[in-house]
Amino acid sequence: MECVVQGIIETKHVEALEILLQGLCGVHRDSLRIHELCLKSVPNLGLVSSEVRLLCDLEQPEPTWTVRHIGGAMRGAGAEQISVLVRTMAESKVSKNALRLFYALGYKLDHELLRVGFAFHFNRGAPITVTVSSVNKMLKLHATDEAVPVTPGIQLVEVTAPASSENYTEVAAAMTSFCEYLAPLLHLSKPGVSTGVVPTAAAAAASLMSDGGGTTL
């Protein structure tokens with residue numbers, strides 16, 4: 001399982017967000033360049049359609065592949081009372097032949113994206129990952145070098161943390177506490193809940209840029 005929240009930020013404020021995250025996390029960022037392929041099953045594989053995502057890490061000297069399956073979100077009173085989405089998620093490293101394998105199994109390419117940005121990995125009450133990326137679409141099949149932004153001037157921010165049925169409330173609390181520090185720059189909520197950009201972002205970004213990230217929170 002994993003806990004997740006998402007938000008958006010204008011590209012012009014991303015540098016300020018990076019300064020804030022550097023101060024909060026105390027670790028260096030990792031560059032991000034991920035080619036994501038969304039594959040969906042066809043009806044003959046079962047009554048319920050299946051969706052998997054193949055992620056190719058283009059930042060590595062030799063690109064590495066991961067397959068990820070995101071399941072359903074937790075429902076019920078417990079899910080409504082927390083501010084993060086809790087969902088099942090499974091992933092595994094695979095070989096570069098994975099795409100060919102899924103095609104052979106009857107999966108079809110639904111869409112593909114290129115995510116370019118950076119990520120911070122740290123522990124703050126839970127092992128948390130913050131990803132900031134520009135989401136790009138391909139104009140030609142697999143043509144990552146010709147990708148163009150889906151929403152120019154806007155970047156996606158995602159905060160995730162692994163969880164289990166025993167500790168998801170503690171993980172959610174740790175994530176919520178951390179996300180409060182980012183509130184002046186962006187609002188983070190459950191995926192699918194549109195919140196837009198934060199009115200205070202420009203002033204908060206200007207303050208961070210002038211401070212230069214000198215204050216560690």
# chains A, B, ... in the order shown; residues from 1 in each chain; ligands from 1
>>> select_by_dssp(residues="range 10-96 of chain A", states="strand (DSSP E)", output="ChimeraX atom specification")
/A:10,30-40,51-57,64-73,85-94
>>> closest_residue(among="A:Asp110, A:Met209, A:Phe122, A:Ala174", to="Leu141 in chain A", atoms="only C-alpha atoms")
A:Asp110
>>> residues_around(residues="range 10-12 of chain A", least_positions_apart="5", cutoff="6 Å", atoms="only C-alpha atoms", output="MDAnalysis selection string")
chainID A and resid 153:155
>>> residues_around(residues="range 185-191 of chain A", least_positions_apart="6", cutoff="6 Å", atoms="only C-alpha atoms", output="list in words")
Val5, Gln6, Gly7, Val84, Leu85, Val198 and Ala201 of chain A
>>> closest_residue(among="A:His35, A:Arg29, A:Arg87, A:Lys140", to="Ala73 in chain A", atoms="only C-alpha atoms")
A:Arg87
>>> closest_residue(among="A:Val150, A:Val157, A:Val14, A:Val67", to="Thr131 in chain A", atoms="only C-alpha atoms")
A:Val157
>>> select_by_dssp(residues="range 5-117 of chain A", states="alpha helix (DSSP H)", output="VMD selection string")
chain A and resid 14 to 25 77 to 80 98 to 104
>>> closest_residue(among="A:Glu2, A:Ala161, A:Glu36, A:Leu113", to="Met89 in chain A", atoms="only C-alpha atoms")
A:Glu2
